[in-house]
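Content type mmCIF, C-alpha atoms; chains and numbers go by the auth columns, from the file data.cif:
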```cif
data_coords
loop_
_atom_site.group_PDB
_atom_site.id
_atom_site.type_symbol
_atom_site.label_atom_id
_atom_site.label_comp_id
_atom_site.label_asym_id
_atom_site.label_seq_id
_atom_site.Cartn_x
_atom_site.Cartn_y
_atom_site.Cartn_z
_atom_site.B_iso_or_equiv
_atom_site.auth_seq_id
_atom_site.auth_asym_id
ATOM 1 C CA MET A 1 99.285 104.405 65.372 0.00 93 A
ATOM 2 C CA GLU A 2 101.349 102.165 63.097 0.00 94 A
ATOM 3 C CA LEU A 3 102.587 99.033 64.786 0.00 95 A
ATOM 4 C CA ASP A 4 106.209 99.511 63.779 0.00 96 A
ATOM 5 C CA MET A 5 106.223 102.915 65.494 0.00 97 A
ATOM 6 C CA PHE A 6 104.587 101.496 68.606 0.00 98 A
ATOM 7 C CA LEU A 7 106.886 98.505 69.016 0.00 99 A
ATOM 8 C CA VAL A 8 109.981 100.203 70.337 0.00 100 A
ATOM 9 C CA GLU A 9 112.852 97.958 71.427 0.00 101 A
ATOM 10 C CA LYS A 10 111.708 97.143 74.983 0.00 102 A
ATOM 11 C CA ARG A 11 108.105 96.437 73.991 0.00 103 A
ATOM 12 C CA TRP A 12 109.308 94.160 71.227 0.00 104 A
ATOM 13 C CA GLU A 13 111.611 92.359 73.676 0.00 105 A
ATOM 14 C CA ILE A 14 108.647 91.835 76.010 0.00 106 A
ATOM 15 C CA LEU A 15 106.578 90.348 73.192 0.00 107 A
ATOM 16 C CA LYS A 16 109.407 88.011 72.175 0.00 108 A
ATOM 17 C CA ILE A 17 109.683 86.712 75.753 0.00 109 A
ATOM 18 C CA LEU A 18 105.912 86.240 76.015 0.00 110 A
ATOM 19 C CA ALA A 19 105.867 84.431 72.672 0.00 111 A
ATOM 20 C CA ASP A 20 108.192 81.833 74.212 0.00 112 A
ATOM 21 C CA ARG A 21 106.238 81.449 77.443 0.00 113 A
ATOM 22 C CA PRO A 22 103.786 83.376 79.668 0.00 114 A
ATOM 23 C CA SER A 23 105.611 85.489 82.257 0.00 115 A
ATOM 24 C CA SER A 24 104.933 87.741 85.224 0.00 116 A
ATOM 25 C CA PRO A 25 106.096 91.385 85.421 0.00 117 A
ATOM 26 C CA ILE A 26 108.812 90.320 87.892 0.00 118 A
ATOM 27 C CA GLU A 27 110.127 87.652 85.511 0.00 119 A
ATOM 28 C CA LEU A 28 110.077 90.098 82.610 0.00 120 A
ATOM 29 C CA ALA A 29 111.918 92.758 84.624 0.00 121 A
ATOM 30 C CA GLU A 30 114.631 90.248 85.550 0.00 122 A
ATOM 31 C CA LYS A 31 115.115 89.150 81.932 0.00 123 A
ATOM 32 C CA LEU A 32 115.175 92.722 80.627 0.00 124 A
ATOM 33 C CA GLY A 33 117.339 94.114 83.428 0.00 125 A
ATOM 34 C CA THR A 34 114.866 96.854 84.306 0.00 126 A
ATOM 35 C CA THR A 35 112.308 97.706 86.995 0.00 127 A
ATOM 36 C CA VAL A 36 108.935 96.065 87.577 0.00 128 A
ATOM 37 C CA SER A 37 107.212 99.462 87.437 0.00 129 A
ATOM 38 C CA TYR A 38 108.654 100.142 83.979 0.00 130 A
ATOM 39 C CA VAL A 39 107.616 96.699 82.745 0.00 131 A
ATOM 40 C CA SER A 40 104.111 97.138 84.195 0.00 132 A
ATOM 41 C CA GLN A 41 103.745 100.417 82.305 0.00 133 A
ATOM 42 C CA GLN A 42 104.746 98.771 79.022 0.00 134 A
ATOM 43 C CA LEU A 43 102.417 95.839 79.672 0.00 135 A
ATOM 44 C CA LYS A 44 99.467 98.194 80.087 0.00 136 A
ATOM 45 C CA LEU A 45 100.228 99.765 76.709 0.00 137 A
ATOM 46 C CA LEU A 46 100.613 96.370 75.016 0.00 138 A
ATOM 47 C CA GLU A 47 97.368 95.190 76.609 0.00 139 A
ATOM 48 C CA ALA A 48 95.554 98.328 75.400 0.00 140 A
ATOM 49 C CA MET A 49 96.700 97.494 71.859 0.00 141 A
ATOM 50 C CA ASN A 50 95.204 93.995 72.275 0.00 142 A
ATOM 51 C CA LEU A 51 98.607 92.381 71.748 0.00 143 A
ATOM 52 C CA ILE A 52 98.757 90.607 75.119 0.00 144 A
ATOM 53 C CA ARG A 53 96.372 89.372 77.776 0.00 145 A
ATOM 54 C CA LYS A 54 96.586 89.140 81.564 0.00 146 A
ATOM 55 C CA GLU A 55 95.577 86.146 83.629 0.00 147 A
ATOM 56 C CA LYS A 56 95.437 85.615 87.374 0.00 148 A
ATOM 57 C CA THR A 57 97.149 82.403 88.404 0.00 149 A
ATOM 58 C CA GLY A 58 95.628 82.285 91.883 0.00 150 A
ATOM 59 C CA ILE A 59 99.091 82.031 93.435 0.00 151 A
ATOM 60 C CA ALA A 60 99.424 84.532 96.265 0.00 152 A
ATOM 61 C CA GLU A 61 102.339 86.909 96.020 0.00 153 A
ATOM 62 C CA LYS A 62 102.627 89.539 98.741 0.00 154 A
ATOM 63 C CA GLY A 63 98.925 89.156 99.439 0.00 155 A
ATOM 64 C CA LYS A 64 97.812 89.592 95.816 0.00 156 A
ATOM 65 C CA PRO A 65 97.054 87.081 93.052 0.00 157 A
ATOM 66 C CA ARG A 66 99.995 86.693 90.685 0.00 158 A
ATOM 67 C CA SER A 67 99.416 88.104 87.203 0.00 159 A
ATOM 68 C CA VAL A 68 100.867 86.326 84.197 0.00 160 A
ATOM 69 C CA TYR A 69 100.897 87.796 80.698 0.00 161 A
ATOM 70 C CA SER A 70 100.837 86.011 77.356 0.00 162 A
ATOM 71 C CA ILE A 71 100.358 87.020 73.730 0.00 163 A
ATOM 72 C CA GLN A 72 96.736 87.646 72.788 0.00 164 A
ATOM 73 C CA ASN A 73 96.862 86.689 69.127 0.00 165 A
ATOM 74 C CA GLU A 74 99.347 85.299 66.658 0.00 166 A
ATOM 75 C CA LEU A 75 99.909 87.898 63.980 0.00 167 A
ATOM 76 C CA VAL A 76 102.240 89.193 61.313 0.00 168 A
ATOM 77 C CA TYR A 77 102.774 92.815 60.335 0.00 169 A
ATOM 78 C CA LEU A 78 103.422 92.918 56.616 0.00 170 A
ATOM 79 C CA THR A 79 105.314 95.684 54.865 0.00 171 A
ATOM 80 C CA LEU A 80 104.995 95.587 51.085 0.00 172 A
ATOM 81 C CA LEU A 81 107.189 97.613 48.755 0.00 173 A
ATOM 82 C CA THR A 82 107.137 96.768 45.059 0.00 174 A
ATOM 83 C CA LYS A 83 107.309 98.831 41.890 0.00 175 A
ATOM 84 C CA ASN A 84 103.536 99.021 41.587 0.00 176 A
ATOM 85 C CA ASN A 85 102.339 98.643 45.135 0.00 177 A
ATOM 86 C CA SER A 86 103.174 99.539 48.720 0.00 178 A
ATOM 87 C CA GLY A 87 101.439 99.177 52.033 0.00 179 A
ATOM 88 C CA LYS A 88 101.404 97.842 55.562 0.00 180 A
ATOM 89 C CA LYS A 89 98.894 95.404 56.988 0.00 181 A
ATOM 90 C CA LEU A 90 98.326 93.523 60.228 0.00 182 A
ATOM 91 C CA VAL A 91 97.289 89.919 59.545 0.00 183 A
ATOM 92 C CA TYR A 92 95.989 87.533 62.197 0.00 184 A
ATOM 93 C CA LEU A 93 97.542 84.163 61.554 0.00 185 A
ATOM 94 C CA THR A 94 95.944 80.836 60.744 0.00 186 A
ATOM 95 C CA PRO A 95 97.891 77.527 60.857 0.00 187 A
ATOM 96 C CA HIS A 96 98.264 77.874 57.084 0.00 188 A
ATOM 97 C CA HIS A 97 99.861 81.320 57.439 0.00 189 A
ATOM 98 C CA ARG A 98 102.286 80.069 60.092 0.00 190 A
ATOM 99 C CA GLY A 99 103.484 77.206 57.940 0.00 191 A
ATOM 100 C CA ILE A 100 104.065 79.326 54.837 0.00 192 A
ATOM 101 C CA LEU A 101 105.761 82.123 56.784 0.00 193 A
ATOM 102 C CA ASN A 102 108.158 79.656 58.390 0.00 194 A
ATOM 103 C CA ILE A 103 109.105 78.439 54.923 0.00 195 A
ATOM 104 C CA TRP A 104 109.771 82.049 53.943 0.00 196 A
ATOM 105 C CA LEU A 105 112.110 82.440 56.928 0.00 197 A
ATOM 106 C CA LEU A 106 114.648 80.205 55.198 0.00 198 A
ATOM 107 C CA ASP A 107 117.608 82.211 53.933 0.00 199 A
ATOM 108 C CA ASP A 108 117.764 80.233 50.689 0.00 200 A
ATOM 109 C CA VAL A 109 114.827 81.711 48.764 0.00 201 A
ATOM 110 C CA THR A 110 115.193 79.061 46.049 0.00 202 A
ATOM 111 C CA LEU A 111 113.856 76.529 48.557 0.00 203 A
ATOM 112 C CA HIS A 112 110.637 78.428 49.259 0.00 204 A
ATOM 113 C CA TYR A 113 108.644 77.346 46.232 0.00 205 A
ATOM 114 C CA PRO A 114 109.592 73.623 46.193 0.00 206 A
ATOM 115 C CA ILE A 115 108.872 73.222 49.923 0.00 207 A
ATOM 116 C CA GLU A 116 105.562 75.077 49.530 0.00 208 A
ATOM 117 C CA LYS A 117 104.721 72.835 46.586 0.00 209 A
ATOM 118 C CA LEU A 118 105.491 69.717 48.625 0.00 210 A
ATOM 119 C CA PHE A 119 103.342 70.970 51.483 0.00 211 A
ATOM 120 C CA TRP A 120 100.376 71.758 49.217 0.00 212 A
ATOM 121 C CA LYS A 121 100.511 68.333 47.594 0.00 213 A
ATOM 122 C CA LEU A 122 100.406 66.708 51.042 0.00 214 A
ATOM 123 C CA GLU A 123 97.229 68.556 52.034 0.00 215 A
ATOM 124 C CA ASN A 124 94.940 65.514 51.653 0.00 216 A
ATOM 125 C CA LEU A 125 97.300 63.385 53.767 0.00 217 A
ATOM 126 C CA LEU A 126 97.812 65.755 56.701 0.00 218 A
ATOM 127 C CA GLY A 127 95.498 63.648 58.851 0.00 219 A
ATOM 128 C CA GLU A 128 98.157 60.919 58.756 0.00 220 A
ATOM 129 C CA ILE A 129 101.035 63.274 59.486 0.00 221 A
ATOM 130 C CA GLU A 130 101.832 64.316 63.073 0.00 222 A
ATOM 131 C CA GLY A 131 104.193 67.056 61.990 0.00 223 A
ATOM 132 C CA VAL A 132 106.224 68.589 59.194 0.00 224 A
ATOM 133 C CA PHE A 133 109.309 70.584 60.190 0.00 225 A
ATOM 134 C CA ILE A 134 112.263 72.238 58.496 0.00 226 A
ATOM 135 C CA GLU A 135 115.603 71.476 60.098 0.00 227 A
ATOM 136 C CA GLN A 136 117.711 74.557 59.502 0.00 228 A
ATOM 137 C CA GLY A 137 121.377 74.195 58.754 0.00 229 A
ATOM 138 C CA PHE A 138 123.891 74.578 55.973 0.00 230 A
ATOM 139 C CA VAL A 139 121.549 72.434 53.882 0.00 231 A
ATOM 140 C CA PRO A 140 117.964 72.704 55.209 0.00 232 A
ATOM 141 C CA LYS A 141 115.966 69.484 55.338 0.00 233 A
ATOM 142 C CA VAL A 142 112.247 68.719 55.580 0.00 234 A
ATOM 143 C CA LEU A 143 111.451 66.334 58.443 0.00 235 A
ATOM 144 C CA ILE A 144 108.186 64.408 58.306 0.00 236 A
ATOM 145 C CA LEU A 145 106.756 62.865 61.450 0.00 237 A
ATOM 146 C CA SER A 146 104.626 59.997 60.182 0.00 238 A
ATOM 147 C CA GLY A 147 104.655 56.216 60.156 0.00 239 A
ATOM 148 C CA SER A 148 102.316 55.991 57.170 0.00 240 A
ATOM 149 C CA LYS A 149 103.674 54.085 54.182 0.00 241 A
ATOM 150 C CA GLU A 150 101.285 56.018 51.947 0.00 242 A
ATOM 151 C CA VAL A 151 102.744 59.312 53.154 0.00 243 A
ATOM 152 C CA LYS A 152 106.302 58.118 52.554 0.00 244 A
ATOM 153 C CA SER A 153 105.460 56.900 49.074 0.00 245 A
ATOM 154 C CA LYS A 154 103.655 60.144 48.228 0.00 246 A
ATOM 155 C CA VAL A 155 106.457 62.374 49.517 0.00 247 A
ATOM 156 C CA ASP A 156 109.142 60.408 47.674 0.00 248 A
ATOM 157 C CA SER A 157 107.140 60.701 44.451 0.00 249 A
ATOM 158 C CA ILE A 158 106.579 64.447 44.846 0.00 250 A
ATOM 159 C CA VAL A 159 110.216 65.218 45.624 0.00 251 A
ATOM 160 C CA LYS A 160 111.295 63.461 42.416 0.00 252 A
ATOM 161 C CA THR A 161 109.129 65.857 40.377 0.00 253 A
ATOM 162 C CA LEU A 162 110.472 69.082 41.893 0.00 254 A
ATOM 163 C CA ASP A 163 112.697 71.315 39.766 0.00 255 A
ATOM 164 C CA LYS A 164 114.954 71.896 42.781 0.00 256 A
ATOM 165 C CA LYS A 165 115.662 68.867 44.921 0.00 257 A
ATOM 166 C CA ILE A 166 115.081 69.263 48.630 0.00 258 A
ATOM 167 C CA GLY A 167 116.440 67.104 51.401 0.00 259 A
ATOM 168 C CA HIS A 168 113.815 65.190 53.332 0.00 260 A
ATOM 169 C CA SER A 169 113.621 62.377 55.840 0.00 261 A
ATOM 170 C CA TYR A 170 111.131 60.633 58.094 0.00 262 A
ATOM 171 C CA ILE A 171 111.483 60.953 61.814 0.00 263 A
ATOM 172 C CA THR A 172 109.922 59.680 65.038 0.00 264 A
ATOM 173 C CA LYS A 173 108.958 61.852 67.979 0.00 265 A
ATOM 174 C CA SER A 174 111.910 60.515 69.975 0.00 266 A
ATOM 175 C CA GLY A 175 114.201 61.336 67.061 0.00 267 A
ATOM 176 C CA LEU A 176 112.778 64.832 66.930 0.00 268 A
ATOM 177 C CA SER A 177 113.370 65.323 70.660 0.00 269 A
ATOM 178 C CA ALA A 178 117.078 64.610 70.149 0.00 270 A
ATOM 179 C CA LEU A 179 117.391 67.681 67.931 0.00 271 A
ATOM 180 C CA SER A 180 117.734 71.277 69.075 0.00 272 A
ATOM 181 C CA VAL A 181 114.272 72.850 68.852 0.00 273 A
ATOM 182 C CA ASP A 182 115.917 76.163 67.955 0.00 274 A
ATOM 183 C CA SER A 183 116.989 74.597 64.649 0.00 275 A
ATOM 184 C CA LEU A 184 113.433 73.565 63.731 0.00 276 A
ATOM 185 C CA LEU A 185 110.764 75.553 61.886 0.00 277 A
ATOM 186 C CA PRO A 186 107.251 74.052 62.063 0.00 278 A
ATOM 187 C CA ILE A 187 105.233 73.877 58.854 0.00 279 A
ATOM 188 C CA HIS A 188 102.519 71.565 60.179 0.00 280 A
ATOM 189 C CA ASP A 189 102.316 70.990 63.932 0.00 281 A
ATOM 190 C CA PRO A 190 98.645 70.596 64.927 0.00 282 A
ATOM 191 C CA ASN A 191 99.434 69.112 68.361 0.00 283 A
ATOM 192 C CA ASN A 192 102.115 71.664 69.294 0.00 284 A
ATOM 193 C CA ILE A 193 104.779 68.973 69.504 0.00 285 A
ATOM 194 C CA LEU A 194 107.567 71.498 69.059 0.00 286 A
ATOM 195 C CA HIS A 195 106.306 73.562 72.003 0.00 287 A
ATOM 196 C CA GLU A 196 106.225 70.453 74.211 0.00 288 A
ATOM 197 C CA LEU A 197 109.774 69.557 73.220 0.00 289 A
ATOM 198 C CA LYS A 198 110.942 73.118 73.892 0.00 290 A
ATOM 199 C CA GLU A 199 109.429 73.084 77.374 0.00 291 A
ATOM 200 C CA ALA A 200 111.043 69.688 78.061 0.00 292 A
ATOM 201 C CA GLN A 201 114.463 70.913 76.923 0.00 293 A
ATOM 202 C CA ILE A 202 114.157 74.040 79.105 0.00 294 A
ATOM 203 C CA GLU A 203 113.307 71.948 82.165 0.00 295 A
ATOM 204 C CA SER A 204 116.075 69.375 81.584 0.00 296 A
#
```
Encoding of this model in structure tokens:
Amino acid sequence: MELDMFLVEKRWEILKILADRPSSPIELAEKLGTTVSYVSQQLKLLEAMNLIRKEKTGIAEKGKPRSVYSIQNELVYLTLLTKNNSGKKLVYLTPHHRGILNIWLLDDVTLHYPIEKLFWKLENLLGEIEGVFIEQGFVPKVLILSGSKEVKSKVDSIVKTLDKKIGHSYITKSGLSALSVDSLLPIHDPNNILHELKEAQIES
């Protein structure tokens, strides 16, 4: 079965919720405005397709351990249609894939190549960089979380060589937390800083 045929609206909505945070069938039913039995049926199908996994939290709920579901793997389902080639493929993501795909999510396609080029040229310095994010807006900007003078010097030099200039700035973790996480696309986030900030903003 092709994934795009399998992921009808409600199943896709379930996956989007679970991508944000693990949830129980009751929580999912409340968010979707449907019954727990319907959600449980869809969860079984998603689990059979190896898209989600179930965990017991150990918290008693009506005499039974509470089940929480989360996504099993990070993946992308590619659909290719060009003059000489076509196809569909399920790809399990690596950190590299995630970063490049987030660049591609920018509406301004002319920014894709220069931001990719910047990211590739920073590869040997990633150990000194806590995070690289794109702040979306009318004019997208690359935010670099690093206190390294070498990183700043390198980035400034690279940006000057790009055919299309891109906005960039250096930011601290506290500065990042002041921004809306919904406006940020992670390119390099090895410590899941963005996820931590999102959880903090939900709780506050």
Problem set entry | Expected selection from the PyMOL selection byres ((chain A and resi 239) around 10), given as a PyMOL selection string | chain A and resi 220-222+236-238+240-244+262-264
For this session: Choose the residue, out of A:Pro187, A:Pro278, A:Gly179, A:Gly267, that has the smallest atom-to-atom separation from Val224 of chain A; count all atoms listed in the file.
Result: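 When distances to Val224 of chain A are compared using all atoms listed in the file, the smallest one comes from A:Pro278.
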Exercise. Could you pull the residues within 6 Å of Phe225 of chain A, counting all atoms listed in the file, minus those fewer than 3 positions along the same chain, as a list in words?
Worked result: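 My reading of the contact set: Val234, Leu235, Leu277, Pro278 and Ile279 of chain A.
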Mind listing as a short mmCIF file (atom, residue, chain, number, x, y, z; two decimals) with C-alpha atoms, keeping the file's coordinate frame all residues within 8 Å of (109.1, 79.1, 55.3), counting all atoms listed in the file?
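Result file is result.cif:
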```
data_model
loop_
_atom_site.label_atom_id
_atom_site.label_comp_id
_atom_site.auth_asym_id
_atom_site.auth_seq_id
_atom_site.Cartn_x
_atom_site.Cartn_y
_atom_site.Cartn_z
CA GLY A 191 103.48 77.21 57.94
CA ILE A 192 104.06 79.33 54.84
CA LEU A 193 105.76 82.12 56.78
CA ASN A 194 108.16 79.66 58.39
CA ILE A 195 109.10 78.44 54.92
CA TRP A 196 109.77 82.05 53.94
CA LEU A 197 112.11 82.44 56.93
CA LEU A 198 114.65 80.20 55.20
CA HIS A 204 110.64 78.43 49.26
CA ILE A 207 108.87 73.22 49.92
CA GLU A 208 105.56 75.08 49.53
CA LEU A 277 110.76 75.55 61.89
CA ILE A 279 105.23 73.88 58.85
#
```
Problem set entry | Nearest-residue call for Ser261 of chain A, choices A:Met97, A:Val247, A:Leu214, A:Leu135, using all atoms listed in the file | A:Val247
For this session: Go through A:Ser245, A:Ser266, A:Ser132, A:Thr186 one by one, measure the shortest atom-to-atom distance of each to Pro117 of chain A using all atoms listed in the file, and give the residue with the smallest value.
Result: A:Ser132
For this session: Quick one: everything within 9 Å of Leu95 of chain A, counting only C-alpha atoms, minus sequence neighbours fewer than 3 positions away in the same chain. Send it as a ChimeraX atom specification.
Result: /A:98-99,169,182
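Counting all atoms listed in the file and comparing A:Asp248, A:Asp281, A:Glu139, A:Glu119, the residue that lies closest to Gln164 of chain A is A:Glu139.
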For this session: Find the residue from A:Tyr161, A:Thr127, A:Asn142, A:Gly229 that sits nearest to Ile109 of chain A; use only C-alpha atoms when measuring.
Result: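 Selected residue with least distance to Ile109 of chain A: A:Tyr161.
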Exercise. Could you state the separation of atom CA of Ile258 of chain A and atom CA of Leu210 of chain A in Å, given to one decimal place?
Worked result: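 Value for the atom CA of Ile258 of chain A-atom CA of Leu210 of chain A distance: 9.6 Å.
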For this session: With the file shown as input, list the residues that the PyMOL selection byres ((chain A and resi 148) around 6) selects, as a PyMOL selection string.
Result: chain A and resi 147+149-150+158-159
Exercise. In Å, with one decimal, what is the gap from atom CA of Leu286 of chain A to atom CA of Glu215 of chain A?
Worked result: 20.1 Å
Seminar exercise, completed: Using all atoms listed in the file, the residue out of A:Ala292, A:Leu143, A:Ile118, A:Val231 with shortest distance to Gly259 of chain A is A:Val231
For this session: Tell me, in Å to one decimal, how far atom CA of Lys256 of chain A is from atom CA of Leu268 of chain A.
Result: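 Rounded to one decimal, the two atoms are 25.3 Å apart.
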Selecting N, CA and C atoms, how would segment 192-225 of chain A from this structure be written as a CSV table (one decimal), in the first residue's frame?
```
chain,number,residue,atom,x,y,z
A,192,ILE,N,18.6,19.8,5.6
A,192,ILE,CA,18.4,20.2,4.2
A,192,ILE,C,16.9,20.3,3.9
A,193,LEU,N,16.1,19.4,4.4
A,193,LEU,CA,14.6,19.5,4.1
A,193,LEU,C,14.0,20.8,4.7
A,194,ASN,N,14.5,21.2,5.9
A,194,ASN,CA,14.0,22.4,6.5
A,194,ASN,C,14.4,23.6,5.7
A,195,ILE,N,15.6,23.6,5.0
A,195,ILE,CA,15.9,24.7,4.1
A,195,ILE,C,15.0,24.7,3.0
A,196,TRP,N,14.6,23.5,2.4
A,196,TRP,CA,13.7,23.5,1.3
A,196,TRP,C,12.3,23.9,1.6
A,197,LEU,N,12.0,23.9,2.9
A,197,LEU,CA,10.6,24.4,3.3
A,197,LEU,C,10.4,25.9,3.1
A,198,LEU,N,11.5,26.6,2.9
A,198,LEU,CA,11.4,28.1,2.7
A,198,LEU,C,10.7,28.3,1.4
A,199,ASP,N,9.8,29.3,1.5
A,199,ASP,CA,9.0,29.6,0.3
A,199,ASP,C,9.9,30.2,-0.8
A,200,ASP,N,10.9,31.0,-0.4
A,200,ASP,CA,11.8,31.6,-1.4
A,200,ASP,C,12.9,30.6,-1.8
A,201,VAL,N,12.6,30.0,-3.0
A,201,VAL,CA,13.5,28.9,-3.5
A,201,VAL,C,14.9,29.5,-3.8
A,202,THR,N,15.0,30.8,-4.0
A,202,THR,CA,16.4,31.3,-4.3
A,202,THR,C,17.3,31.3,-3.1
A,203,LEU,N,16.7,31.1,-1.9
A,203,LEU,CA,17.5,31.1,-0.7
A,203,LEU,C,18.0,29.7,-0.4
A,204,HIS,N,17.5,28.7,-1.1
A,204,HIS,CA,17.9,27.3,-0.8
A,204,HIS,C,19.3,27.0,-1.0
A,205,TYR,N,19.8,27.3,-2.2
A,205,TYR,CA,21.2,27.0,-2.5
A,205,TYR,C,22.2,27.8,-1.6
A,206,PRO,N,22.1,29.1,-1.4
A,206,PRO,CA,23.1,29.8,-0.6
A,206,PRO,C,23.1,29.4,0.9
A,207,ILE,N,21.9,29.0,1.4
A,207,ILE,CA,21.9,28.6,2.8
A,207,ILE,C,22.5,27.2,2.9
A,208,GLU,N,22.2,26.3,1.9
A,208,GLU,CA,22.8,25.0,1.9
A,208,GLU,C,24.4,25.2,1.8
A,209,LYS,N,24.8,26.1,0.9
A,209,LYS,CA,26.2,26.3,0.7
A,209,LYS,C,26.9,26.7,2.0
A,210,LEU,N,26.2,27.7,2.7
A,210,LEU,CA,26.8,28.1,4.0
A,210,LEU,C,26.9,26.9,5.0
A,211,PHE,N,25.8,26.1,5.0
A,211,PHE,CA,25.8,25.0,6.0
A,211,PHE,C,26.9,24.0,5.7
A,212,TRP,N,27.1,23.7,4.4
A,212,TRP,CA,28.2,22.8,4.0
A,212,TRP,C,29.6,23.3,4.4
A,213,LYS,N,29.8,24.6,4.2
A,213,LYS,CA,31.1,25.1,4.5
A,213,LYS,C,31.4,25.2,6.0
A,214,LEU,N,30.3,25.1,6.8
A,214,LEU,CA,30.5,25.1,8.3
A,214,LEU,C,30.7,23.7,8.8
A,215,GLU,N,30.7,22.7,8.0
A,215,GLU,CA,30.7,21.3,8.5
A,215,GLU,C,31.8,21.0,9.5
A,216,ASN,N,33.0,21.5,9.2
A,216,ASN,CA,34.1,21.3,10.1
A,216,ASN,C,34.1,22.0,11.4
A,217,LEU,N,33.2,23.0,11.5
A,217,LEU,CA,33.1,23.8,12.7
A,217,LEU,C,31.8,23.5,13.5
A,218,LEU,N,31.1,22.5,13.1
A,218,LEU,CA,29.8,22.2,13.8
A,218,LEU,C,30.0,21.8,15.3
A,219,GLY,N,31.2,21.3,15.6
A,219,GLY,CA,31.4,21.0,17.0
A,219,GLY,C,31.4,22.2,17.9
A,220,GLU,N,31.6,23.4,17.3
A,220,GLU,CA,31.7,24.6,18.1
A,220,GLU,C,30.4,25.4,17.9
A,221,ILE,N,29.4,24.8,17.3
A,221,ILE,CA,28.1,25.5,17.1
A,221,ILE,C,27.0,24.7,17.8
A,222,GLU,N,26.3,25.3,18.7
A,222,GLU,CA,25.2,24.7,19.4
A,222,GLU,C,23.9,24.5,18.5
A,223,GLY,N,23.8,25.4,17.6
A,223,GLY,CA,22.6,25.3,16.7
A,223,GLY,C,22.6,26.3,15.6
A,224,VAL,N,22.0,25.9,14.5
A,224,VAL,CA,21.8,26.8,13.3
A,224,VAL,C,20.3,26.7,13.0
A,225,PHE,N,19.6,27.8,13.0
A,225,PHE,CA,18.2,27.9,12.7
A,225,PHE,C,17.9,28.9,11.7
```
